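This is model-v4.pdb (PDB, C-alpha atoms, pLDDT in the B column).
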ATOM      1  CA  MET A  15     -12.806 -36.843 -51.280  1.00 50.00           C
ATOM      2  CA  ASP A  16     -14.463 -34.827 -54.057  1.00 59.00           C
ATOM      3  CA  ASP A  17     -17.717 -36.717 -54.176  1.00 79.00           C
ATOM      4  CA  ALA A  18     -18.357 -36.872 -50.437  1.00 91.00           C
ATOM      5  CA  ILE A  19     -21.700 -35.553 -49.219  1.00 94.00           C
ATOM      6  CA  CYS A  20     -21.735 -34.092 -45.720  1.00 96.00           C
ATOM      7  CA  LEU A  21     -24.815 -33.640 -43.567  1.00 97.00           C
ATOM      8  CA  THR A  22     -24.887 -31.952 -40.165  1.00 97.00           C
ATOM      9  CA  TYR A  23     -27.643 -32.111 -37.566  1.00 97.00           C
ATOM     10  CA  ASP A  24     -28.078 -30.294 -34.265  1.00 96.00           C
ATOM     11  CA  ILE A  25     -29.567 -32.609 -31.669  1.00 95.00           C
ATOM     12  CA  SER A  26     -31.564 -30.780 -29.036  1.00 91.00           C
ATOM     13  CA  PRO A  27     -31.585 -32.209 -25.517  1.00 85.00           C
ATOM     14  CA  ASP A  28     -34.705 -33.228 -23.572  1.00 76.00           C
ATOM     15  CA  ASP A  29     -36.884 -33.260 -26.668  1.00 82.00           C
ATOM     16  CA  PHE A  30     -37.811 -36.899 -26.696  1.00 85.00           C
ATOM     17  CA  THR A  31     -40.675 -36.438 -29.153  1.00 86.00           C
ATOM     18  CA  ARG A  32     -38.325 -35.177 -31.847  1.00 89.00           C
ATOM     19  CA  ALA A  33     -35.536 -37.656 -31.164  1.00 92.00           C
ATOM     20  CA  GLY A  34     -34.914 -39.656 -34.306  1.00 94.00           C
ATOM     21  CA  GLU A  35     -35.688 -36.884 -36.789  1.00 94.00           C
ATOM     22  CA  ALA A  36     -32.059 -36.670 -37.904  1.00 97.00           C
ATOM     23  CA  SER A  37     -31.837 -40.444 -38.410  1.00 97.00           C
ATOM     24  CA  SER A  38     -35.101 -40.380 -40.311  1.00 96.00           C
ATOM     25  CA  ASP A  39     -33.760 -37.667 -42.620  1.00 97.00           C
ATOM     26  CA  VAL A  40     -30.495 -39.537 -43.252  1.00 97.00           C
ATOM     27  CA  LYS A  41     -32.426 -42.718 -44.013  1.00 96.00           C
ATOM     28  CA  LYS A  42     -34.587 -40.883 -46.566  1.00 96.00           C
ATOM     29  CA  LYS A  43     -31.571 -39.248 -48.223  1.00 96.00           C
ATOM     30  CA  LEU A  44     -29.635 -42.523 -48.477  1.00 97.00           C
ATOM     31  CA  LYS A  45     -32.640 -44.211 -50.078  1.00 95.00           C
ATOM     32  CA  GLN A  46     -32.962 -41.359 -52.577  1.00 95.00           C
ATOM     33  CA  MET A  47     -29.258 -41.719 -53.408  1.00 95.00           C
ATOM     34  CA  GLY A  48     -29.848 -45.361 -54.242  1.00 95.00           C
ATOM     35  CA  VAL A  49     -27.734 -46.802 -51.408  1.00 95.00           C
ATOM     36  CA  GLY A  50     -28.551 -50.525 -50.909  1.00 94.00           C
ATOM     37  CA  PRO A  51     -31.296 -51.398 -48.402  1.00 92.00           C
ATOM     38  CA  GLU A  52     -28.991 -53.382 -46.095  1.00 93.00           C
ATOM     39  CA  ALA A  53     -26.580 -50.448 -45.642  1.00 95.00           C
ATOM     40  CA  VAL A  54     -29.484 -48.016 -45.211  1.00 96.00           C
ATOM     41  CA  ARG A  55     -30.980 -50.227 -42.504  1.00 94.00           C
ATOM     42  CA  LYS A  56     -27.663 -50.518 -40.651  1.00 95.00           C
ATOM     43  CA  VAL A  57     -27.060 -46.764 -40.730  1.00 97.00           C
ATOM     44  CA  ALA A  58     -30.642 -45.991 -39.681  1.00 96.00           C
ATOM     45  CA  ILE A  59     -30.606 -48.321 -36.654  1.00 95.00           C
ATOM     46  CA  ALA A  60     -27.103 -47.376 -35.447  1.00 96.00           C
ATOM     47  CA  MET A  61     -27.656 -43.650 -35.838  1.00 97.00           C
ATOM     48  CA  TYR A  62     -31.116 -43.770 -34.259  1.00 96.00           C
ATOM     49  CA  GLU A  63     -29.766 -45.535 -31.155  1.00 95.00           C
ATOM     50  CA  GLY A  64     -26.993 -42.966 -30.961  1.00 96.00           C
ATOM     51  CA  GLU A  65     -29.391 -40.092 -31.405  1.00 96.00           C
ATOM     52  CA  ILE A  66     -31.655 -41.416 -28.637  1.00 94.00           C
ATOM     53  CA  ASN A  67     -28.594 -41.707 -26.361  1.00 92.00           C
ATOM     54  CA  MET A  68     -27.683 -38.088 -27.054  1.00 94.00           C
ATOM     55  CA  VAL A  69     -31.162 -36.998 -25.997  1.00 92.00           C
ATOM     56  CA  ILE A  70     -31.563 -39.184 -22.902  1.00 88.00           C
ATOM     57  CA  HIS A  71     -28.009 -39.242 -21.516  1.00 90.00           C
ATOM     58  CA  ALA A  72     -26.337 -36.097 -22.836  1.00 91.00           C
ATOM     59  CA  LYS A  73     -27.281 -32.496 -23.299  1.00 88.00           C
ATOM     60  CA  GLY A  74     -27.731 -32.900 -27.026  1.00 90.00           C
ATOM     61  CA  GLY A  75     -24.947 -32.303 -29.489  1.00 95.00           C
ATOM     62  CA  GLU A  76     -24.174 -32.603 -33.148  1.00 97.00           C
ATOM     63  CA  ILE A  77     -24.257 -35.457 -35.648  1.00 98.00           C
ATOM     64  CA  ARG A  78     -22.170 -35.281 -38.814  1.00 98.00           C
ATOM     65  CA  VAL A  79     -22.692 -37.796 -41.587  1.00 98.00           C
ATOM     66  CA  GLU A  80     -20.289 -38.202 -44.484  1.00 97.00           C
ATOM     67  CA  ILE A  81     -21.423 -40.245 -47.439  1.00 97.00           C
ATOM     68  CA  THR A  82     -19.018 -41.490 -50.094  1.00 95.00           C
ATOM     69  CA  PRO A  83     -19.506 -44.231 -52.689  1.00 93.00           C
ATOM     70  CA  GLU A  84     -17.555 -46.622 -50.430  1.00 95.00           C
ATOM     71  CA  ARG A  85     -18.828 -45.874 -46.950  1.00 96.00           C
ATOM     72  CA  ILE A  86     -21.000 -43.863 -44.601  1.00 97.00           C
ATOM     73  CA  VAL A  87     -19.268 -42.288 -41.617  1.00 98.00           C
ATOM     74  CA  MET A  88     -21.367 -41.041 -38.687  1.00 98.00           C
ATOM     75  CA  VAL A  89     -19.801 -38.861 -36.008  1.00 98.00           C
ATOM     76  CA  LEU A  90     -21.957 -38.298 -32.924  1.00 98.00           C
ATOM     77  CA  ASP A  91     -20.508 -35.563 -30.800  1.00 97.00           C
ATOM     78  CA  ASP A  92     -22.295 -34.796 -27.541  1.00 96.00           C
ATOM     79  CA  VAL A  93     -21.923 -32.483 -24.601  1.00 93.00           C
ATOM     80  CA  GLY A  94     -22.645 -34.800 -21.744  1.00 92.00           C
ATOM     81  CA  PRO A  95     -21.468 -36.608 -18.650  1.00 94.00           C
ATOM     82  CA  GLY A  96     -19.181 -39.022 -20.503  1.00 94.00           C
ATOM     83  CA  ILE A  97     -19.249 -42.809 -20.088  1.00 94.00           C
ATOM     84  CA  PRO A  98     -17.432 -43.851 -16.869  1.00 93.00           C
ATOM     85  CA  ASN A  99     -17.024 -47.506 -17.879  1.00 93.00           C
ATOM     86  CA  VAL A 100     -17.142 -48.117 -21.632  1.00 94.00           C
ATOM     87  CA  GLU A 101     -16.572 -51.855 -21.268  1.00 94.00           C
ATOM     88  CA  LYS A 102     -19.645 -52.191 -19.043  1.00 93.00           C
ATOM     89  CA  ALA A 103     -21.704 -49.909 -21.263  1.00 93.00           C
ATOM     90  CA  MET A 104     -20.939 -52.218 -24.185  1.00 94.00           C
ATOM     91  CA  GLN A 105     -22.455 -55.233 -22.391  1.00 93.00           C
ATOM     92  CA  ALA A 106     -25.915 -56.174 -23.613  1.00 91.00           C
ATOM     93  CA  GLY A 107     -28.411 -55.388 -20.857  1.00 90.00           C
ATOM     94  CA  TYR A 108     -26.266 -52.936 -18.893  1.00 91.00           C
ATOM     95  CA  SER A 109     -28.059 -49.620 -18.512  1.00 91.00           C
ATOM     96  CA  THR A 110     -27.780 -46.484 -16.414  1.00 90.00           C
ATOM     97  CA  ALA A 111     -30.972 -44.984 -17.815  1.00 88.00           C
ATOM     98  CA  PRO A 112     -33.475 -43.751 -15.215  1.00 86.00           C
ATOM     99  CA  ASP A 113     -36.918 -45.367 -14.840  1.00 87.00           C
ATOM    100  CA  GLU A 114     -38.484 -42.451 -16.651  1.00 84.00           C
ATOM    101  CA  VAL A 115     -36.534 -43.402 -19.786  1.00 87.00           C
ATOM    102  CA  ARG A 116     -37.545 -47.057 -19.421  1.00 88.00           C
ATOM    103  CA  SER A 117     -41.182 -46.069 -19.372  1.00 86.00           C
ATOM    104  CA  LEU A 118     -40.554 -44.489 -22.779  1.00 87.00           C
ATOM    105  CA  GLY A 119     -39.328 -47.804 -24.208  1.00 90.00           C
ATOM    106  CA  PHE A 120     -35.583 -47.293 -23.923  1.00 91.00           C
ATOM    107  CA  GLY A 121     -32.954 -48.157 -21.340  1.00 87.00           C
ATOM    108  CA  ALA A 122     -32.911 -51.891 -22.067  1.00 87.00           C
ATOM    109  CA  GLY A 123     -29.132 -51.718 -22.186  1.00 89.00           C
ATOM    110  CA  MET A 124     -29.004 -52.476 -25.903  1.00 89.00           C
ATOM    111  CA  GLY A 125     -28.077 -49.045 -27.290  1.00 91.00           C
ATOM    112  CA  LEU A 126     -24.291 -49.291 -27.631  1.00 94.00           C
ATOM    113  CA  PRO A 127     -24.326 -53.058 -28.368  1.00 93.00           C
ATOM    114  CA  ASN A 128     -26.827 -52.399 -31.173  1.00 92.00           C
ATOM    115  CA  MET A 129     -24.667 -49.596 -32.564  1.00 95.00           C
ATOM    116  CA  LYS A 130     -21.684 -51.929 -32.676  1.00 95.00           C
ATOM    117  CA  GLN A 131     -23.689 -54.800 -34.120  1.00 94.00           C
ATOM    118  CA  TYR A 132     -25.022 -52.765 -37.036  1.00 95.00           C
ATOM    119  CA  THR A 133     -21.787 -51.006 -38.026  1.00 97.00           C
ATOM    120  CA  ASP A 134     -18.504 -52.164 -39.551  1.00 98.00           C
ATOM    121  CA  SER A 135     -16.474 -50.162 -37.051  1.00 97.00           C
ATOM    122  CA  MET A 136     -17.192 -48.073 -33.973  1.00 97.00           C
ATOM    123  CA  GLU A 137     -14.875 -45.917 -31.886  1.00 97.00           C
ATOM    124  CA  ILE A 138     -15.762 -44.273 -28.596  1.00 97.00           C
ATOM    125  CA  ASP A 139     -13.863 -41.272 -27.334  1.00 97.00           C
ATOM    126  CA  THR A 140     -15.321 -40.213 -23.998  1.00 96.00           C
ATOM    127  CA  ARG A 141     -14.289 -37.728 -21.322  1.00 96.00           C
ATOM    128  CA  ILE A 142     -15.996 -37.534 -17.953  1.00 96.00           C
ATOM    129  CA  GLY A 143     -17.816 -34.247 -17.534  1.00 94.00           C
ATOM    130  CA  VAL A 144     -16.966 -33.124 -21.058  1.00 95.00           C
ATOM    131  CA  GLY A 145     -18.716 -35.347 -23.549  1.00 95.00           C
ATOM    132  CA  THR A 146     -18.591 -38.353 -25.820  1.00 96.00           C
ATOM    133  CA  LYS A 147     -17.664 -38.642 -29.461  1.00 97.00           C
ATOM    134  CA  ILE A 148     -18.680 -41.827 -31.256  1.00 97.00           C
ATOM    135  CA  THR A 149     -17.502 -42.530 -34.778  1.00 98.00           C
ATOM    136  CA  MET A 150     -19.295 -45.284 -36.666  1.00 98.00           C
ATOM    137  CA  VAL A 151     -18.618 -46.560 -40.172  1.00 98.00           C
ATOM    138  CA  VAL A 152     -20.887 -48.593 -42.417  1.00 98.00           C
ATOM    139  CA  ASN A 153     -19.268 -49.869 -45.609  1.00 97.00           C
ATOM    140  CA  ILE A 154     -21.419 -49.837 -48.711  1.00 93.00           C
TER     141      ILE A 154
ATOM    142  CA  MET B  28     -49.269 -64.322 -44.534  1.00 95.00           C
ATOM    143  CA  THR B  29     -50.463 -60.804 -45.236  1.00 97.00           C
ATOM    144  CA  VAL B  30     -51.246 -57.866 -42.965  1.00 98.00           C
ATOM    145  CA  ARG B  31     -54.922 -58.658 -43.640  1.00 98.00           C
ATOM    146  CA  ASP B  32     -54.432 -62.183 -42.232  1.00 98.00           C
ATOM    147  CA  VAL B  33     -52.831 -60.640 -39.134  1.00 98.00           C
ATOM    148  CA  LYS B  34     -55.760 -58.283 -38.757  1.00 98.00           C
ATOM    149  CA  ASP B  35     -58.317 -61.082 -39.170  1.00 98.00           C
ATOM    150  CA  THR B  36     -56.492 -63.397 -36.755  1.00 98.00           C
ATOM    151  CA  LEU B  37     -56.523 -60.760 -34.026  1.00 97.00           C
ATOM    152  CA  LYS B  38     -59.915 -59.315 -35.032  1.00 96.00           C
ATOM    153  CA  ALA B  39     -58.066 -56.017 -34.893  1.00 97.00           C
ATOM    154  CA  ARG B  40     -59.242 -52.566 -35.915  1.00 97.00           C
ATOM    155  CA  VAL B  41     -57.347 -50.701 -38.632  1.00 98.00           C
ATOM    156  CA  LEU B  42     -56.364 -47.231 -37.410  1.00 97.00           C
ATOM    157  CA  THR B  43     -54.484 -46.351 -40.605  1.00 98.00           C
ATOM    158  CA  GLY B  44     -53.305 -48.102 -43.760  1.00 97.00           C
ATOM    159  CA  GLU B  45     -56.562 -49.730 -44.952  1.00 97.00           C
ATOM    160  CA  ASP B  46     -55.095 -49.714 -48.500  1.00 97.00           C
ATOM    161  CA  LEU B  47     -51.881 -51.481 -47.428  1.00 97.00           C
ATOM    162  CA  LEU B  48     -53.329 -54.711 -46.039  1.00 98.00           C
ATOM    163  CA  ASP B  49     -52.119 -56.963 -48.855  1.00 97.00           C
ATOM    164  CA  GLN B  50     -48.445 -56.566 -47.931  1.00 96.00           C
ATOM    165  CA  GLU B  51     -46.541 -59.700 -47.021  1.00 96.00           C
ATOM    166  CA  VAL B  52     -45.540 -60.338 -43.407  1.00 95.00           C
ATOM    167  CA  ARG B  53     -42.659 -62.731 -42.699  1.00 93.00           C
ATOM    168  CA  SER B  54     -41.990 -62.421 -38.990  1.00 94.00           C
ATOM    169  CA  ALA B  55     -43.158 -60.763 -35.803  1.00 95.00           C
ATOM    170  CA  CYS B  56     -41.700 -59.210 -32.705  1.00 94.00           C
ATOM    171  CA  GLY B  57     -43.483 -58.339 -29.463  1.00 95.00           C
ATOM    172  CA  SER B  58     -41.912 -55.881 -27.030  1.00 94.00           C
ATOM    173  CA  ASP B  59     -42.368 -52.638 -25.143  1.00 93.00           C
ATOM    174  CA  MET B  60     -38.612 -52.004 -25.204  1.00 92.00           C
ATOM    175  CA  MET B  61     -37.659 -50.385 -28.477  1.00 92.00           C
ATOM    176  CA  SER B  62     -33.944 -51.193 -28.196  1.00 86.00           C
ATOM    177  CA  ASP B  63     -34.805 -54.883 -28.006  1.00 88.00           C
ATOM    178  CA  VAL B  64     -36.893 -54.492 -31.128  1.00 91.00           C
ATOM    179  CA  LEU B  65     -33.973 -52.754 -32.846  1.00 90.00           C
ATOM    180  CA  ALA B  66     -31.675 -55.605 -31.825  1.00 87.00           C
ATOM    181  CA  PHE B  67     -33.775 -58.523 -32.954  1.00 78.00           C
ATOM    182  CA  SER B  68     -36.267 -57.440 -35.548  1.00 71.00           C
ATOM    183  CA  LYS B  69     -36.219 -58.911 -39.036  1.00 78.00           C
ATOM    184  CA  ASP B  70     -37.295 -57.787 -42.468  1.00 79.00           C
ATOM    185  CA  HIS B  71     -41.016 -57.531 -43.341  1.00 85.00           C
ATOM    186  CA  SER B  72     -41.949 -57.704 -39.677  1.00 93.00           C
ATOM    187  CA  VAL B  73     -44.941 -56.744 -37.644  1.00 96.00           C
ATOM    188  CA  LEU B  74     -44.362 -55.244 -34.223  1.00 96.00           C
ATOM    189  CA  LEU B  75     -46.718 -55.869 -31.306  1.00 97.00           C
ATOM    190  CA  THR B  76     -46.382 -53.361 -28.504  1.00 97.00           C
ATOM    191  CA  GLY B  77     -48.216 -51.725 -25.638  1.00 95.00           C
ATOM    192  CA  LEU B  78     -45.993 -48.658 -25.772  1.00 94.00           C
ATOM    193  CA  CYS B  79     -47.731 -45.588 -27.179  1.00 93.00           C
ATOM    194  CA  ASN B  80     -45.283 -42.845 -28.063  1.00 92.00           C
ATOM    195  CA  PRO B  81     -43.710 -41.351 -31.217  1.00 93.00           C
ATOM    196  CA  GLN B  82     -40.582 -43.465 -30.785  1.00 94.00           C
ATOM    197  CA  VAL B  83     -42.593 -46.594 -31.616  1.00 96.00           C
ATOM    198  CA  ILE B  84     -43.237 -45.124 -35.063  1.00 96.00           C
ATOM    199  CA  ARG B  85     -39.589 -44.056 -35.417  1.00 95.00           C
ATOM    200  CA  THR B  86     -38.402 -47.537 -34.476  1.00 95.00           C
ATOM    201  CA  ALA B  87     -40.787 -49.043 -37.023  1.00 96.00           C
ATOM    202  CA  GLU B  88     -39.541 -46.559 -39.608  1.00 95.00           C
ATOM    203  CA  MET B  89     -35.865 -47.432 -39.055  1.00 94.00           C
ATOM    204  CA  LEU B  90     -36.620 -51.156 -39.404  1.00 93.00           C
ATOM    205  CA  ASP B  91     -39.062 -50.898 -42.341  1.00 93.00           C
ATOM    206  CA  ILE B  92     -41.685 -52.587 -40.197  1.00 95.00           C
ATOM    207  CA  VAL B  93     -44.843 -53.004 -42.274  1.00 96.00           C
ATOM    208  CA  CYS B  94     -47.412 -53.110 -39.508  1.00 97.00           C
ATOM    209  CA  LEU B  95     -47.716 -51.992 -35.888  1.00 97.00           C
ATOM    210  CA  ILE B  96     -50.156 -53.650 -33.536  1.00 98.00           C
ATOM    211  CA  PHE B  97     -51.106 -51.884 -30.325  1.00 97.00           C
ATOM    212  CA  VAL B  98     -52.174 -54.516 -27.799  1.00 97.00           C
ATOM    213  CA  ARG B  99     -54.149 -54.376 -24.530  1.00 94.00           C
ATOM    214  CA  GLY B 100     -56.608 -51.914 -26.050  1.00 92.00           C
ATOM    215  CA  LYS B 101     -54.010 -49.142 -26.171  1.00 87.00           C
ATOM    216  CA  LYS B 102     -55.113 -46.215 -28.260  1.00 88.00           C
ATOM    217  CA  PRO B 103     -52.320 -44.090 -29.718  1.00 93.00           C
ATOM    218  CA  ASP B 104     -53.192 -40.411 -30.140  1.00 92.00           C
ATOM    219  CA  ASP B 105     -53.908 -38.858 -33.530  1.00 95.00           C
ATOM    220  CA  SER B 106     -50.428 -37.396 -33.984  1.00 94.00           C
ATOM    221  CA  ILE B 107     -48.920 -40.885 -33.666  1.00 95.00           C
ATOM    222  CA  ILE B 108     -51.382 -42.352 -36.169  1.00 97.00           C
ATOM    223  CA  GLU B 109     -50.625 -39.473 -38.523  1.00 97.00           C
ATOM    224  CA  MET B 110     -46.886 -40.144 -38.248  1.00 96.00           C
ATOM    225  CA  ALA B 111     -47.472 -43.775 -39.211  1.00 97.00           C
ATOM    226  CA  ALA B 112     -49.725 -42.778 -42.124  1.00 97.00           C
ATOM    227  CA  ASP B 113     -47.019 -40.421 -43.456  1.00 96.00           C
ATOM    228  CA  ARG B 114     -44.567 -43.327 -43.440  1.00 95.00           C
ATOM    229  CA  GLY B 115     -46.877 -45.913 -44.992  1.00 96.00           C
ATOM    230  CA  ILE B 116     -47.013 -48.070 -41.852  1.00 97.00           C
ATOM    231  CA  VAL B 117     -50.247 -49.933 -41.098  1.00 98.00           C
ATOM    232  CA  VAL B 118     -51.509 -49.468 -37.536  1.00 98.00           C
ATOM    233  CA  LEU B 119     -53.814 -52.037 -35.937  1.00 98.00           C
ATOM    234  CA  ALA B 120     -55.355 -52.077 -32.476  1.00 98.00           C
ATOM    235  CA  THR B 121     -56.540 -55.093 -30.530  1.00 97.00           C
ATOM    236  CA  GLY B 122     -57.932 -55.602 -27.054  1.00 96.00           C
ATOM    237  CA  HIS B 123     -55.928 -58.808 -26.650  1.00 97.00           C
ATOM    238  CA  ARG B 124     -53.022 -58.800 -24.243  1.00 97.00           C
ATOM    239  CA  MET B 125     -49.477 -59.153 -25.555  1.00 97.00           C
ATOM    240  CA  PHE B 126     -49.109 -62.843 -24.689  1.00 97.00           C
ATOM    241  CA  SER B 127     -52.441 -63.808 -26.236  1.00 98.00           C
ATOM    242  CA  ALA B 128     -51.934 -61.722 -29.370  1.00 98.00           C
ATOM    243  CA  CYS B 129     -48.469 -63.220 -29.944  1.00 97.00           C
ATOM    244  CA  GLY B 130     -49.831 -66.718 -29.336  1.00 97.00           C
ATOM    245  CA  MET B 131     -52.664 -66.248 -31.813  1.00 98.00           C
ATOM    246  CA  LEU B 132     -50.278 -65.091 -34.528  1.00 97.00           C
ATOM    247  CA  TYR B 133     -47.853 -67.917 -33.753  1.00 97.00           C
ATOM    248  CA  GLY B 134     -50.732 -70.373 -33.963  1.00 97.00           C
ATOM    249  CA  ALA B 135     -51.609 -68.920 -37.356  1.00 97.00           C
ATOM    250  CA  GLY B 136     -48.106 -69.725 -38.589  1.00 95.00           C
ATOM    251  CA  LEU B 137     -46.156 -66.520 -38.004  1.00 95.00           C
ATOM    252  CA  ARG B 138     -42.685 -66.918 -36.473  1.00 91.00           C
ATOM    253  CA  GLY B 139     -40.212 -64.667 -34.699  1.00 88.00           C
ATOM    254  CA  GLY B 140     -37.105 -65.574 -36.654  1.00 74.00           C
ATOM    255  CA  ALA B 141     -34.120 -67.662 -35.607  1.00 65.00           C
ATOM    256  CA  VAL B 142     -32.530 -67.213 -32.173  1.00 61.00           C
TER     257      VAL B 142
END

I need this file expressed as structure tokens, please.
Amino acid sequence: MDDAICLTYDISPDDFTRAGEASSDVKKKLKQMGVGPEAVRKVAIAMYEGEINMVIHAKGGEIRVEITPERIVMVLDDVGPGIPNVEKAMQAGYSTAPDEVRSLGFGAGMGLPNMKQYTDSMEIDTRIGVGTKITMVVNI
Amino acid sequence: MTVRDVKDTLKARVLTGEDLLDQEVRSACGSDMMSDVLAFSKDHSVLLTGLCNPQVIRTAEMLDIVCLIFVRGKKPDDSIIEMAADRGIVVLATGHRMFSACGMLYGAGLRGGAV
């Protein structure tokens, strides 16, 4: 599409303090573009949860965001352990996060369920020992 | 109610956002788990938490939370307060524990939103 805007972010692993910077930037840009507040909120929450996951579970990765007048597509591509049981991971409350992550306020087992709840579609492509690619779409 | 009413109810200190106290507050959420906040929080909310790290500010930012309240006498460091100031989020601090602080706000008429 001619009028698509693409943004790419490198997500560095183990840098919990900076986790969320990419989502924050996307949120700001969408607001500036005049995207409606409900869509901005959905994108911000879903991407932020995904970004946190990439920092705490994977070894970082890349997030690509494509913005068109109709929709916002987020592709979160990580180099990580993969998700052994996607069905379980999608259950609210199921978490494999270590205690250290819980003490930081995450690991409540709401990450993937939240991502699904706040997007119009979500696809998970995961390979054990290779990584996970999550594609989320929010319609405007 | 306004952020000022929240502050007065809890006899809280303002750590940043003294000029933003007249904003409207419609609901509240109390949690130390940020994913739970992301799942349940509503518009124009205040967030009560005992968690003191930059992700509290990020969570508030993503949800357009108007006011953060650190309970149990928690004191966030200057970099966290600065982050909130940059984003126009009011930060309050109270010595009350989570349960008491939530109860006081509930008693003053604030609600958590529908189940």

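For the pair CA of Lys56 (chain A) and CA of Met150 (chain A), the interatomic distance is 10.6 Å.
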
Å distance separating CA of His71 (chain B) from CA of Met125 (chain B), one decimal place: 19.8 Å

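Atom pair CA of Gln105 (chain A) / CA of Thr146 (chain A) has a distance of 17.7 Å (rounded to one decimal).
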
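Among the candidates B:Met89, B:Leu37, B:Leu48, B:Leu74, the one nearest to chain A when counting all atoms listed in the file is B:Met89.
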
Selected by the ChimeraX specification (/A :<8) & /B in the shown coordinates: which residues, as JSON, numbers by chain? {"B": [59, 60, 61, 62, 63, 65, 66, 78, 80, 81, 82, 85, 88, 89, 90]}

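Summary of the local environment: counting only C-alpha atoms, residues at most 6 Å from region 75-86 of chain A, other than itself and those fewer than 5 positions away along its chain, are Ala18, Ile19, Cys20, Leu21, Thr22, Tyr23, Asp24, Ile25, Asp91, Asp92, Val93, Val151, Val152, Asn153 and Ile154 of chain A.
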
Given the PyMOL selection byres ((chain B and resi 105-116) around 6) and the file above, list the residues it selects as a PDB file with C-alpha atoms, keeping the file's coordinate frame.
ATOM      1  CA  PRO B  81     -43.710 -41.351 -31.217  1.00 93.00           C
ATOM      2  CA  VAL B  93     -44.843 -53.004 -42.274  1.00 96.00           C
ATOM      3  CA  CYS B  94     -47.412 -53.110 -39.508  1.00 97.00           C
ATOM      4  CA  ASP B 104     -53.192 -40.411 -30.140  1.00 92.00           C
ATOM      5  CA  VAL B 117     -50.247 -49.933 -41.098  1.00 98.00           C
TER       6      VAL B 117
END

What does the PyMOL selection byres ((chain B and resi 99-101) around 9) select in this file, as a ChimeraX atom specification? /B:76-79,97-98,102-103,120-125

Go ahead and save the residues from that selection, with C-alpha atoms, as a short mmCIF file (atom, residue, chain, number, x, y, z; two decimals), in the frame of the given file.
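Writing the result to result_9.cif gives the following:
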data_model
loop_
_atom_site.label_atom_id
_atom_site.label_comp_id
_atom_site.auth_asym_id
_atom_site.auth_seq_id
_atom_site.Cartn_x
_atom_site.Cartn_y
_atom_site.Cartn_z
CA THR B 76 -46.38 -53.36 -28.50
CA GLY B 77 -48.22 -51.72 -25.64
CA LEU B 78 -45.99 -48.66 -25.77
CA CYS B 79 -47.73 -45.59 -27.18
CA PHE B 97 -51.11 -51.88 -30.32
CA VAL B 98 -52.17 -54.52 -27.80
CA LYS B 102 -55.11 -46.22 -28.26
CA PRO B 103 -52.32 -44.09 -29.72
CA ALA B 120 -55.36 -52.08 -32.48
CA THR B 121 -56.54 -55.09 -30.53
CA GLY B 122 -57.93 -55.60 -27.05
CA HIS B 123 -55.93 -58.81 -26.65
CA ARG B 124 -53.02 -58.80 -24.24
CA MET B 125 -49.48 -59.15 -25.56
#

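Using all atoms listed in the file, the set of residues no farther than 12 Å from the position (-59.3, -48.2, -43.4) comprises Arg31, Lys34, Ala39, Arg40, Val41, Leu42, Thr43, Gly44, Glu45, Asp46, Leu47, Leu48, Ala112, Val117, Val118 and Leu119 of chain B.
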
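Closest approach to Asn67 (chain A) among A:Gly94, A:Glu114, A:Val144, A:Val40: A:Gly94, based on all atoms listed in the file.
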